[in-house]
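Peer 1: One file is attached below, target.pdb, containing PDB, C-alpha atoms and all ligand atoms.
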ATOM      1  CA  MET A   9      -3.899 -20.163  39.381  1.00  0.00           C
ATOM      2  CA  ARG A  10      -2.477 -17.860  36.768  1.00  0.00           C
ATOM      3  CA  VAL A  11      -0.240 -19.322  34.157  1.00  0.00           C
ATOM      4  CA  THR A  12       2.580 -17.136  32.924  1.00  0.00           C
ATOM      5  CA  SER A  13       4.636 -17.744  29.848  1.00  0.00           C
ATOM      6  CA  PRO A  14       8.324 -18.593  30.220  1.00  0.00           C
ATOM      7  CA  VAL A  15       9.121 -15.140  28.854  1.00  0.00           C
ATOM      8  CA  LEU A  16       7.045 -13.373  31.476  1.00  0.00           C
ATOM      9  CA  GLY A  17       8.587 -15.587  34.132  1.00  0.00           C
ATOM     10  CA  LEU A  18      12.035 -14.586  32.977  1.00  0.00           C
ATOM     11  CA  LEU A  19      11.115 -10.911  33.014  1.00  0.00           C
ATOM     12  CA  ALA A  20       9.889 -11.284  36.572  1.00  0.00           C
ATOM     13  CA  VAL A  21      13.192 -12.841  37.583  1.00  0.00           C
ATOM     14  CA  LEU A  22      15.136 -10.045  35.890  1.00  0.00           C
ATOM     15  CA  ALA A  23      12.983  -7.439  37.596  1.00  0.00           C
ATOM     16  CA  PHE A  24      13.960  -8.886  40.945  1.00  0.00           C
ATOM     17  CA  ALA A  25      17.653  -9.041  40.081  1.00  0.00           C
ATOM     18  CA  GLY A  26      18.293  -5.886  42.052  1.00  0.00           C
ATOM     19  CA  PRO A  27      17.104  -2.391  42.843  1.00  0.00           C
ATOM     20  CA  GLY A  28      18.531   0.768  41.351  1.00  0.00           C
ATOM     21  CA  VAL A  29      20.656   0.704  38.253  1.00  0.00           C
ATOM     22  CA  ALA A  30      20.088  -2.336  36.123  1.00  0.00           C
ATOM     23  CA  HIS A  31      22.505  -5.107  35.414  1.00  0.00           C
ATOM     24  CA  GLU A  32      21.222  -5.194  31.852  1.00  0.00           C
ATOM     25  CA  VAL A  33      19.875  -2.256  29.851  1.00  0.00           C
ATOM     26  CA  THR A  34      18.505  -2.003  26.323  1.00  0.00           C
ATOM     27  CA  ASN A  35      17.738   1.038  24.201  1.00  0.00           C
ATOM     28  CA  LYS A  36      17.179   1.323  20.469  1.00  0.00           C
ATOM     29  CA  GLY A  37      18.365  -2.202  19.809  1.00  0.00           C
ATOM     30  CA  VAL A  38      21.561  -1.899  21.848  1.00  0.00           C
ATOM     31  CA  THR A  39      21.859  -4.022  24.999  1.00  0.00           C
ATOM     32  CA  VAL A  40      24.544  -3.807  27.640  1.00  0.00           C
ATOM     33  CA  ALA A  41      24.628  -6.943  29.777  1.00  0.00           C
ATOM     34  CA  HIS A  42      26.702  -8.580  32.514  1.00  0.00           C
ATOM     35  CA  PRO A  43      28.858  -5.582  33.364  1.00  0.00           C
ATOM     36  CA  TRP A  44      31.693  -6.245  35.776  1.00  0.00           C
ATOM     37  CA  ALA A  45      34.969  -4.756  36.890  1.00  0.00           C
ATOM     38  CA  ARG A  46      38.127  -6.130  38.403  1.00  0.00           C
ATOM     39  CA  ALA A  47      39.060  -5.384  41.964  1.00  0.00           C
ATOM     40  CA  THR A  48      42.067  -3.076  42.258  1.00  0.00           C
ATOM     41  CA  PRO A  49      44.871  -3.100  44.813  1.00  0.00           C
ATOM     42  CA  GLY A  50      44.996  -0.338  47.442  1.00  0.00           C
ATOM     43  CA  GLY A  51      47.039   2.367  45.787  1.00  0.00           C
ATOM     44  CA  ALA A  52      45.941   1.694  42.230  1.00  0.00           C
ATOM     45  CA  THR A  53      44.586   4.604  40.231  1.00  0.00           C
ATOM     46  CA  VAL A  54      43.553   2.594  37.192  1.00  0.00           C
ATOM     47  CA  GLY A  55      41.039  -0.187  36.715  1.00  0.00           C
ATOM     48  CA  ALA A  56      39.030  -1.862  34.011  1.00  0.00           C
ATOM     49  CA  ALA A  57      35.446  -2.875  33.371  1.00  0.00           C
ATOM     50  CA  PHE A  58      33.980  -5.390  30.986  1.00  0.00           C
ATOM     51  CA  MET A  59      30.565  -6.340  29.641  1.00  0.00           C
ATOM     52  CA  GLU A  60      28.643  -7.745  26.751  1.00  0.00           C
ATOM     53  CA  ILE A  61      27.253  -5.343  24.160  1.00  0.00           C
ATOM     54  CA  ARG A  62      24.602  -6.780  21.876  1.00  0.00           C
ATOM     55  CA  THR A  63      23.003  -5.225  18.831  1.00  0.00           C
ATOM     56  CA  GLY A  64      19.711  -6.288  17.312  1.00  0.00           C
ATOM     57  CA  ALA A  65      19.298  -7.350  13.710  1.00  0.00           C
ATOM     58  CA  GLY A  66      19.751  -4.353  11.450  1.00  0.00           C
ATOM     59  CA  VAL A  67      21.124  -2.204  14.271  1.00  0.00           C
ATOM     60  CA  THR A  68      24.464  -0.479  13.927  1.00  0.00           C
ATOM     61  CA  ASP A  69      25.874   1.815  16.552  1.00  0.00           C
ATOM     62  CA  ARG A  70      29.130   3.015  18.051  1.00  0.00           C
ATOM     63  CA  LEU A  71      30.264   3.121  21.635  1.00  0.00           C
ATOM     64  CA  VAL A  72      31.843   6.559  21.667  1.00  0.00           C
ATOM     65  CA  SER A  73      32.647   7.211  25.317  1.00  0.00           C
ATOM     66  CA  ALA A  74      32.114   6.066  28.868  1.00  0.00           C
ATOM     67  CA  SER A  75      32.127   7.533  32.339  1.00  0.00           C
ATOM     68  CA  SER A  76      31.773   6.403  35.931  1.00  0.00           C
ATOM     69  CA  PRO A  77      31.400   8.110  39.289  1.00  0.00           C
ATOM     70  CA  VAL A  78      34.363   6.074  40.594  1.00  0.00           C
ATOM     71  CA  ALA A  79      36.830   7.431  38.049  1.00  0.00           C
ATOM     72  CA  GLY A  80      38.075  10.851  37.066  1.00  0.00           C
ATOM     73  CA  ARG A  81      38.371   9.739  33.464  1.00  0.00           C
ATOM     74  CA  VAL A  82      37.168   6.737  31.502  1.00  0.00           C
ATOM     75  CA  GLU A  83      38.393   5.587  28.109  1.00  0.00           C
ATOM     76  CA  VAL A  84      37.390   2.876  25.675  1.00  0.00           C
ATOM     77  CA  HIS A  85      40.330   0.584  24.979  1.00  0.00           C
ATOM     78  CA  THR A  86      41.211  -2.374  22.856  1.00  0.00           C
ATOM     79  CA  HIS A  87      44.202  -4.677  22.704  1.00  0.00           C
ATOM     80  CA  ILE A  88      46.256  -5.141  19.590  1.00  0.00           C
ATOM     81  CA  MET A  89      49.137  -7.436  18.817  1.00  0.00           C
ATOM     82  CA  GLU A  90      52.230  -5.405  18.001  1.00  0.00           C
ATOM     83  CA  GLY A  91      55.579  -7.065  17.383  1.00  0.00           C
ATOM     84  CA  GLY A  92      54.374 -10.186  19.174  1.00  0.00           C
ATOM     85  CA  VAL A  93      53.320  -8.196  22.248  1.00  0.00           C
ATOM     86  CA  MET A  94      49.747  -7.464  23.358  1.00  0.00           C
ATOM     87  CA  LYS A  95      49.312  -3.742  23.791  1.00  0.00           C
ATOM     88  CA  MET A  96      46.420  -1.652  24.985  1.00  0.00           C
ATOM     89  CA  ARG A  97      45.281   1.155  22.822  1.00  0.00           C
ATOM     90  CA  ARG A  98      42.635   3.797  23.241  1.00  0.00           C
ATOM     91  CA  VAL A  99      40.004   3.788  20.511  1.00  0.00           C
ATOM     92  CA  ASP A 100      37.780   6.657  19.453  1.00  0.00           C
ATOM     93  CA  ALA A 101      34.831   4.293  19.225  1.00  0.00           C
ATOM     94  CA  LEU A 102      33.853   0.640  19.209  1.00  0.00           C
ATOM     95  CA  GLU A 103      31.955  -0.035  16.010  1.00  0.00           C
ATOM     96  CA  LEU A 104      28.991  -2.354  16.540  1.00  0.00           C
ATOM     97  CA  LYS A 105      27.697  -4.465  13.690  1.00  0.00           C
ATOM     98  CA  PRO A 106      24.089  -5.648  13.318  1.00  0.00           C
ATOM     99  CA  GLY A 107      23.214  -8.733  15.340  1.00  0.00           C
ATOM    100  CA  GLU A 108      26.554  -8.709  17.079  1.00  0.00           C
ATOM    101  CA  SER A 109      27.408  -9.912  20.555  1.00  0.00           C
ATOM    102  CA  ARG A 110      30.548  -8.043  21.463  1.00  0.00           C
ATOM    103  CA  ILE A 111      32.240  -9.309  24.599  1.00  0.00           C
ATOM    104  CA  LEU A 112      34.460  -6.807  26.332  1.00  0.00           C
ATOM    105  CA  LYS A 113      36.921  -8.901  28.331  1.00  0.00           C
ATOM    106  CA  PRO A 114      40.409  -8.977  29.802  1.00  0.00           C
ATOM    107  CA  MET A 115      43.039  -8.850  27.031  1.00  0.00           C
ATOM    108  CA  GLY A 116      40.375  -7.617  24.621  1.00  0.00           C
ATOM    109  CA  ASP A 117      38.163  -4.566  24.367  1.00  0.00           C
ATOM    110  CA  HIS A 118      37.567  -2.925  27.715  1.00  0.00           C
ATOM    111  CA  VAL A 119      36.452   0.187  29.509  1.00  0.00           C
ATOM    112  CA  MET A 120      39.364   1.729  31.357  1.00  0.00           C
ATOM    113  CA  PHE A 121      39.134   3.752  34.539  1.00  0.00           C
ATOM    114  CA  PHE A 122      41.716   6.426  35.318  1.00  0.00           C
ATOM    115  CA  ASP A 123      42.114   8.526  38.456  1.00  0.00           C
ATOM    116  CA  LEU A 124      40.133   6.065  40.555  1.00  0.00           C
ATOM    117  CA  LYS A 125      38.593   7.868  43.499  1.00  0.00           C
ATOM    118  CA  GLN A 126      38.650   4.711  45.597  1.00  0.00           C
ATOM    119  CA  PRO A 127      39.896   1.151  45.199  1.00  0.00           C
ATOM    120  CA  LEU A 128      37.382  -1.183  43.565  1.00  0.00           C
ATOM    121  CA  LYS A 129      36.640  -3.813  46.182  1.00  0.00           C
ATOM    122  CA  GLU A 130      35.392  -7.299  45.437  1.00  0.00           C
ATOM    123  CA  GLY A 131      31.646  -7.422  46.039  1.00  0.00           C
ATOM    124  CA  ASP A 132      31.124  -3.707  45.404  1.00  0.00           C
ATOM    125  CA  LEU A 133      28.901  -2.416  42.646  1.00  0.00           C
ATOM    126  CA  VAL A 134      30.178   0.150  40.218  1.00  0.00           C
ATOM    127  CA  LYS A 135      28.067   2.379  37.987  1.00  0.00           C
ATOM    128  CA  ILE A 136      29.196   2.706  34.400  1.00  0.00           C
ATOM    129  CA  GLN A 137      27.674   5.060  31.849  1.00  0.00           C
ATOM    130  CA  LEU A 138      28.164   4.070  28.238  1.00  0.00           C
ATOM    131  CA  ASN A 139      27.538   6.591  25.515  1.00  0.00           C
ATOM    132  CA  PHE A 140      26.379   5.291  22.171  1.00  0.00           C
ATOM    133  CA  ALA A 141      26.087   7.425  19.045  1.00  0.00           C
ATOM    134  CA  LYS A 142      22.480   6.347  18.419  1.00  0.00           C
ATOM    135  CA  ALA A 143      21.228   4.565  21.546  1.00  0.00           C
ATOM    136  CA  GLY A 144      22.372   7.393  23.794  1.00  0.00           C
ATOM    137  CA  MET A 145      23.570   6.898  27.346  1.00  0.00           C
ATOM    138  CA  LEU A 146      23.013   3.482  28.889  1.00  0.00           C
ATOM    139  CA  GLU A 147      23.815   3.243  32.580  1.00  0.00           C
ATOM    140  CA  VAL A 148      24.555  -0.139  34.105  1.00  0.00           C
ATOM    141  CA  GLU A 149      25.820  -1.332  37.445  1.00  0.00           C
ATOM    142  CA  GLY A 150      28.615  -3.856  37.358  1.00  0.00           C
ATOM    143  CA  SER A 151      29.819  -6.226  40.027  1.00  0.00           C
ATOM    144  CA  VAL A 152      33.408  -6.004  41.217  1.00  0.00           C
ATOM    145  CA  GLU A 153      35.051  -9.393  40.811  1.00  0.00           C
ATOM    146  CA  PRO A 154      38.404 -10.620  42.183  1.00  0.00           C
ATOM    147  CA  ALA A 155      41.531  -9.011  40.737  1.00  0.00           C
ATOM    148  CA  GLY A 156      42.352 -11.918  38.443  1.00  0.00           C
ATOM    149  CA  ALA A 157      38.787 -12.715  37.372  1.00  0.00           C
ATOM    150  CA  MET A 158      38.233 -13.455  33.713  1.00  0.00           C
ATOM    151  CA  GLY A 159      34.465 -13.107  33.760  1.00  0.00           C
ATOM    152  CA  PRO A 160      31.500 -11.910  35.814  1.00  0.00           C
ATOM    153  CA  HIS A 161      30.306 -13.850  38.834  1.00  0.00           C
ATOM    154  CA  GLY A 162      28.260 -16.907  37.995  1.00  0.00           C
ATOM    155  CA  MET A 163      29.224 -16.772  34.346  1.00  0.00           C
ATOM    156  CA  PRO A 164      31.664 -19.111  32.690  1.00  0.00           C
ATOM    157  CA  SER A 165      34.904 -17.227  32.276  1.00  0.00           C
ATOM    158  CA  GLN A 166      35.505 -16.005  28.775  1.00  0.00           C
ATOM    159  CA  PRO A 167      38.051 -17.967  26.829  1.00  0.00           C
ATOM    160  CA  VAL A 168      41.082 -15.755  26.376  1.00  0.00           C
ATOM    161  CA  GLU A 169      42.982 -17.149  23.451  1.00  0.00           C
ATOM    162  CA  ALA A 170      43.874 -20.711  22.662  1.00  0.00           C
ATOM    163  CA  GLY A 171      47.207 -21.626  24.170  1.00  0.00           C
ATOM    164  CA  LYS A 172      47.330 -18.719  26.597  1.00  0.00           C
ATOM    165  CA  GLY A 173      47.263 -19.458  30.266  1.00  0.00           C
ATOM    166  CA  GLY A 174      45.955 -17.557  33.240  1.00  0.00           C
ATOM    167  CA  ALA A 175      49.409 -16.896  34.683  1.00  0.00           C
ATOM    168  CA  GLU A 176      50.288 -14.805  31.677  1.00  0.00           C
ATOM    169  CA  ASN A 177      47.147 -12.750  32.045  1.00  0.00           C
ATOM    170  CA  SER A 178      47.651 -12.063  35.708  1.00  0.00           C
ATOM    171  CA  GLY A 179      50.850 -10.250  34.784  1.00  0.00           C
ATOM    172  CA  HIS A 180      48.921  -7.741  32.735  1.00  0.00           C
ATOM    173  CA  ASP A 181      48.129  -4.694  34.754  1.00  0.00           C
ATOM    174  CA  HIS A 182      47.930  -1.649  32.492  1.00  0.00           C
ATOM    175  CA  LYS A 183      51.232  -0.413  33.885  1.00  0.00           C
ATOM    176  CA  HIS A 184      52.242   1.327  30.699  1.00  0.00           C
ATOM    177  CA  HIS A 185      49.785   4.137  31.259  1.00  0.00           C
TER
HETATM  178 CU    CU A 201      43.160  -0.222  29.053  1.00  0.00          CU
END
Written as structure tokens, that's how I'd like the structure from this file.
Peer 2:
Amino acid sequence: MRVTSPVLGLLAVLAFAGPGVAHEVTNKGVTVAHPWARATPGGATVGAAFMEIRTGAGVTDRLVSASSPVAGRVEVHTHIMEGGVMKMRRVDALELKPGESRILKPMGDHVMFFDLKQPLKEGDLVKIQLNFAKAGMLEVEGSVEPAGAMGPHGMPSQPVEAGKGGAENSGHDHKHH
């Protein structure tokens, strides 16, 4: 009987995670992991996707743009506090520091879909292409989670902000676009 190391065992599991576009992709020290999107209601033309972006030690990069076959246009957004109100703002790039684990999440940094070609339905998979200045284009396939989800399936939901409840977040729907 062949003995495999825990690392090889893990790689085997990851390899069987699914065919086609990977759920986790690494290039030049930049890893995109656990991509997911929120389901959108019928007539909605906007949506949002989230993920973890990790950089290796000594690796700096910038997420400069994104695209997806499900959307006519995709932007990189962040949230800022302005006059006591959380507002979304488009950013030219997300700067990635060495050894960072950057979690894109609801009410934080996110990838924003415009001109959706179809509603994002729970259980669907959505392809997202992320363009990095150095690592180039990393394509991942995210799972579509329920409309109010705060994290990808099977993952603990990301803490939002101390003292903020879920009801408040469910009222946020990118309407100001
Ligand atoms: Cu947005």
Peer 1: Could you list the residues chosen by the PyMOL selection byres (((chain A and resi 79-96) around 6) and not hetatm) in this structure as an MDAnalysis selection string?
Peer 2: chainID A and resid 74:78 97:99 116:125
Peer 1: Find the residue from A:Leu128, A:Val72, A:Val54, A:Ile111 that sits nearest to ligand CU 201 (chain A); use only C-alpha atoms and all ligand atoms when measuring.
Peer 2: A:Val54
Peer 1: Go ahead and compute the interatomic distance for atom CA of Asn139 of chain A and atom CA of Val152 of chain A, in Å to one decimal.
Peer 2: 21.0 Å
Peer 1: Do you know which residues lie at most 8 Å from (37.0, -7.0, 35.9), with coordinates as in the file and all atoms listed in the file counted, and could you write them as a VMD selection string?
Peer 2: chain A and resid 44 to 47 55 to 58 113 to 114 152 to 160
Peer 1: Given only C-alpha atoms as the basis, pick out the residue of A:Asp132, A:Thr48, A:Leu138, A:Pro127 nearest to Leu102 of chain A.
Peer 2: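 Among A:Asp132, A:Thr48, A:Leu138, A:Pro127, it is A:Leu138 that comes nearest to Leu102 of chain A.
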Peer 1: Please evaluate the PyMOL selection byres (((chain A and resi 144-148) around 9) and not hetatm) against the displayed coordinates and give the resulting residues as number ranges by chain.
Peer 2: A: 29-36, 38-43, 74, 134-143, 149-150
Peer 1: Have a look at atom CA of Gln126 of chain A and atom CA of Ala52 of chain A and let me know their distance in Å, one decimal.
Peer 2: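 Those two atoms sit 8.6 Å apart.
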Peer 1: One number please: atom CA of Ile61 of chain A to atom CA of Pro49 of chain A, in Å, one decimal.
Peer 2: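 Rounded to one decimal, the two atoms are 27.2 Å apart.
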Peer 1: Would you compute, for all listed atoms of segment 30-33 of chain A, the axis-aligned bounding box grown by 8 Å on each side, and then report its centre and edge lengths in Å rounded to one decimal, as lines of an AutoDock Vina configuration file?
Peer 2:
center_x = 21.2
center_y = -3.7
center_z = 33.0
size_x = 18.6
size_y = 18.9
size_z = 22.3
Peer 1: Which one is closest to ligand CU 201 (chain A): A:Met115, A:Ala101, A:Met59, A:Glu108? Count only C-alpha atoms and all ligand atoms.
Peer 2: A:Met115
